[in-house]
Amino acid sequence: MLFLLGFLVVYLVAVWTPFGQRAENGLLNRNGGEPAWIYDWSGSVYDSGALPPLDFTALPTLVVGTAVIVAVTLLRRCWWEGCAAIGVVVVTFGGTEVLGKGVLPRPDLVDAPAMLTAASFPSGHVAVPAGLVLGTALVASPRIRPYVTAAGMLWLAVTAGAVQALYHHRPSDVLGATLLACACHSFATRLLPSAAPGVTRRPRARSAIALVLSAAGALAAGARDDSVTGPLVFAAAAFLCAALLGYTAAEGPARTARRTGP
């Protein structure tokens, strides 16, 4: 519920207030995405590949990631977790597609240029890693789950930073997609059978390393040659996305474990 509330608050403040629109529009300029450090891996350069899930790689990444979840489910025979994981992926990505294409409009409250008036909340590209990582965390074994989460945090931080630095999305867009994925995961964990106690032990050093790597990835992916303030905001939003994902992946099993206590 808190994630959905956060999703709604971010949307209303960033999209439906003049202050929010001016703040986010002010982060963008007319130079486009080329000054972004990650531009060469964006798929925009002729005869070059894109870093998944940027550009045309979004759908293939979603398909491959879903196939991995299905394979792990079959291997571990964790049927309930597998169904929940697929649900998280489908609802997260499907929700961003439906909400971002007409359901959640972006009114022009500040007479912005036409290039800044298109609806972009929430980000479908960010929904791909967010949904896949949280879905995979549901089917991964307790021993592997922390490593899946750490790698997923870095992947999400880089993706969220990149789509902002390339001017494909605003900070509210990446936060909205992440909050939607977290809400789906939280709901799924509440429907699953109770987990055995003791599966959520998280060494603080491992969590700290995951956060440091995510911060570094967010800074690098969000960097641009023509600005300092904008990239710092992009990196902060990307890091917050990674932190939310890490917290959600860890806290979901913790709630079910506590319910099994005496």
# chains A, B, ... in the order shown; residues from 1 in each chain; ligands from 1
>>> closest_atom_pairs(of="range 154-184 of chain A", to="range 232-251 of chain A", cutoff="7 Å", atoms="only C-alpha atoms", output="Markdown table")
| residue | atom | partner | partner_atom | distance |
| --- | --- | --- | --- | --- |
| A:Leu154 | CA | A:Ala242 | CA | 6.9 |
| A:Leu156 | CA | A:Ala242 | CA | 5.9 |
| A:Ala157 | CA | A:Ala238 | CA | 4.9 |
| A:Ala160 | CA | A:Ala238 | CA | 5.0 |
| A:Gly161 | CA | A:Ala238 | CA | 5.1 |
| A:Gln164 | CA | A:Phe234 | CA | 6.0 |
| A:Ala165 | CA | A:Phe234 | CA | 6.9 |
| A:Pro171 | CA | A:Ala237 | CA | 5.7 |
| A:Leu175 | CA | A:Cys241 | CA | 6.0 |
| A:Thr178 | CA | A:Cys241 | CA | 5.9 |
| A:Cys182 | CA | A:Thr248 | CA | 6.1 |
>>> residues_around(residues="Ala183 in chain A", least_positions_apart="6", cutoff="8 Å", atoms="only C-alpha atoms", output="ChimeraX atom specification")
/A:1-4
>>> closest_atom_pairs(of="range 53-127 of chain A", to="range 23-40 of chain A", cutoff="10 Å", atoms="only C-alpha atoms", output="tab-separated table")
residue	atom	partner	partner_atom	distance
A:Val110	CA	A:Asn25	CA	9.6
A:Ala112	CA	A:Asn25	CA	8.0
A:Pro113	CA	A:Asn25	CA	9.6
A:Met115	CA	A:Arg30	CA	9.4
A:Leu116	CA	A:Asn25	CA	7.0
A:Thr117	CA	A:Asn25	CA	9.5
>>> residues_around(residues="Pro53 in chain A", least_positions_apart="5", cutoff="10 Å", atoms="only C-alpha atoms", output="mmCIF file with N, CA and C atoms, in the first residue's frame")
data_model
loop_
_atom_site.group_PDB
_atom_site.id
_atom_site.type_symbol
_atom_site.label_atom_id
_atom_site.label_comp_id
_atom_site.auth_asym_id
_atom_site.auth_seq_id
_atom_site.Cartn_x
_atom_site.Cartn_y
_atom_site.Cartn_z
ATOM 1 N N SER A 42 23.476 3.343 -26.148
ATOM 2 C CA SER A 42 22.031 3.579 -26.085
ATOM 3 C C SER A 42 21.280 2.971 -27.260
ATOM 4 N N ALA A 58 14.485 -3.857 -25.226
ATOM 5 C CA ALA A 58 13.577 -3.959 -24.079
ATOM 6 C C ALA A 58 12.734 -5.232 -24.135
ATOM 7 N N LEU A 59 12.064 -5.454 -25.257
ATOM 8 C CA LEU A 59 11.191 -6.625 -25.362
ATOM 9 C C LEU A 59 11.981 -7.937 -25.342
ATOM 10 N N PRO A 60 13.080 -8.065 -26.117
ATOM 11 C CA PRO A 60 13.874 -9.295 -26.012
ATOM 12 C C PRO A 60 14.389 -9.559 -24.597
ATOM 13 N N THR A 61 14.793 -8.497 -23.897
ATOM 14 C CA THR A 61 15.247 -8.670 -22.519
ATOM 15 C C THR A 61 14.124 -9.185 -21.636
ATOM 16 N N LEU A 62 12.935 -8.658 -21.834
ATOM 17 C CA LEU A 62 11.780 -9.100 -21.056
ATOM 18 C C LEU A 62 11.483 -10.568 -21.328
ATOM 19 N N GLY A 124 8.644 2.495 -19.047
ATOM 20 C CA GLY A 124 8.582 1.088 -19.417
ATOM 21 C C GLY A 124 9.949 0.426 -19.441
ATOM 22 N N HIS A 125 10.990 1.180 -19.834
ATOM 23 C CA HIS A 125 12.335 0.608 -19.866
ATOM 24 C C HIS A 125 12.814 0.262 -18.458
ATOM 25 N N VAL A 126 12.520 1.104 -17.487
ATOM 26 C CA VAL A 126 12.911 0.817 -16.104
ATOM 27 C C VAL A 126 12.074 -0.316 -15.523
ATOM 28 N N ALA A 127 10.836 -0.433 -15.994
ATOM 29 C CA ALA A 127 9.974 -1.511 -15.505
ATOM 30 C C ALA A 127 10.529 -2.886 -15.838
ATOM 31 N N VAL A 128 11.299 -2.997 -16.928
ATOM 32 C CA VAL A 128 11.845 -4.297 -17.339
ATOM 33 C C VAL A 128 12.823 -4.841 -16.291
ATOM 34 N N PRO A 129 13.905 -4.114 -15.941
ATOM 35 C CA PRO A 129 14.796 -4.665 -14.914
ATOM 36 C C PRO A 129 14.147 -4.743 -13.540
ATOM 37 N N TRP A 155 22.019 -3.146 -12.102
ATOM 38 C CA TRP A 155 21.375 -3.084 -13.419
ATOM 39 C C TRP A 155 20.291 -2.010 -13.447
ATOM 40 N N LEU A 156 19.479 -1.964 -12.409
ATOM 41 C CA LEU A 156 18.409 -0.967 -12.356
ATOM 42 C C LEU A 156 18.977 0.441 -12.245
ATOM 43 N N THR A 159 20.257 1.449 -15.664
ATOM 44 C CA THR A 159 19.149 1.687 -16.592
ATOM 45 C C THR A 159 18.430 2.989 -16.272
#
>>> atom_distance(atom1="CA of Asp55 in chain A", atom2="CA of Leu99 in chain A")
19.6 Å
>>> residues_around(residues="range 12-17 of chain A", least_positions_apart="2", cutoff="10 Å", atoms="only C-alpha atoms", output="list in words")
Gly6, Phe7, Leu8, Val9, Val10, Phe19, Gly20, Gln21, Arg22, Ala23, Glu24, Leu104, Pro105, Arg106, Pro107, Asp108, Leu109, Val110, Ala119, Ser120, Phe121, Arg170, Pro171, Ser172 and Asp173 of chain A
>>> atom_distance(atom1="CA of Ala221 in chain A", atom2="CA of Gly43 in chain A")
14.3 Å
>>> residues_around(residues="Val68 in chain A", least_positions_apart="4", cutoff="12 Å", atoms="only C-alpha atoms", output="PyMOL selection string")
chain A and resi 61-64+72-75+82+85-86+89+132-133+135-137+139-140
>>> write_last_selection(atoms="N, CA and C atoms", output="short mmCIF file (atom, residue, chain, number, x, y, z; two decimals), in the first residue's frame")
data_model
loop_
_atom_site.label_atom_id
_atom_site.label_comp_id
_atom_site.auth_asym_id
_atom_site.auth_seq_id
_atom_site.Cartn_x
_atom_site.Cartn_y
_atom_site.Cartn_z
N THR A 61 14.79 -8.50 -23.90
CA THR A 61 15.25 -8.67 -22.52
C THR A 61 14.12 -9.19 -21.64
N LEU A 62 12.93 -8.66 -21.83
CA LEU A 62 11.78 -9.10 -21.06
C LEU A 62 11.48 -10.57 -21.33
N VAL A 63 11.54 -10.97 -22.58
CA VAL A 63 11.25 -12.36 -22.95
C VAL A 63 12.30 -13.31 -22.37
N VAL A 64 13.57 -12.96 -22.53
CA VAL A 64 14.63 -13.82 -22.02
C VAL A 64 14.57 -13.90 -20.49
N VAL A 72 13.93 -21.52 -13.84
CA VAL A 72 14.26 -21.69 -12.42
C VAL A 72 13.08 -22.29 -11.66
N THR A 73 11.89 -21.86 -12.02
CA THR A 73 10.69 -22.41 -11.37
C THR A 73 10.57 -23.91 -11.62
N LEU A 74 10.80 -24.33 -12.85
CA LEU A 74 10.74 -25.75 -13.18
C LEU A 74 11.85 -26.53 -12.48
N LEU A 75 13.03 -25.94 -12.41
CA LEU A 75 14.17 -26.62 -11.80
C LEU A 75 13.98 -26.79 -10.30
N GLY A 82 6.89 -19.25 -8.55
CA GLY A 82 7.00 -19.01 -9.98
C GLY A 82 5.82 -18.25 -10.54
N ALA A 85 6.10 -14.72 -9.40
CA ALA A 85 7.16 -14.01 -10.10
C ALA A 85 6.71 -13.57 -11.49
N ILE A 86 6.05 -14.48 -12.21
CA ILE A 86 5.54 -14.12 -13.53
C ILE A 86 4.50 -13.01 -13.41
N VAL A 89 6.27 -9.66 -13.02
CA VAL A 89 6.84 -9.18 -14.29
C VAL A 89 5.73 -8.66 -15.21
N LEU A 132 11.80 -7.83 -13.58
CA LEU A 132 12.53 -9.08 -13.73
C LEU A 132 13.36 -9.41 -12.48
N VAL A 133 14.00 -8.41 -11.91
CA VAL A 133 14.83 -8.67 -10.73
C VAL A 133 13.97 -9.08 -9.54
N GLY A 135 11.00 -10.36 -9.67
CA GLY A 135 10.42 -11.66 -9.98
C GLY A 135 11.43 -12.78 -9.77
N THR A 136 12.66 -12.57 -10.22
CA THR A 136 13.71 -13.58 -10.04
C THR A 136 14.02 -13.80 -8.57
N ALA A 137 13.97 -12.72 -7.79
CA ALA A 137 14.23 -12.86 -6.35
C ALA A 137 13.22 -13.78 -5.68
N VAL A 139 11.89 -16.51 -6.98
CA VAL A 139 12.12 -17.93 -7.29
C VAL A 139 13.54 -18.37 -6.97
N ALA A 140 14.45 -17.44 -6.72
CA ALA A 140 15.83 -17.81 -6.41
C ALA A 140 15.91 -18.44 -5.03
#
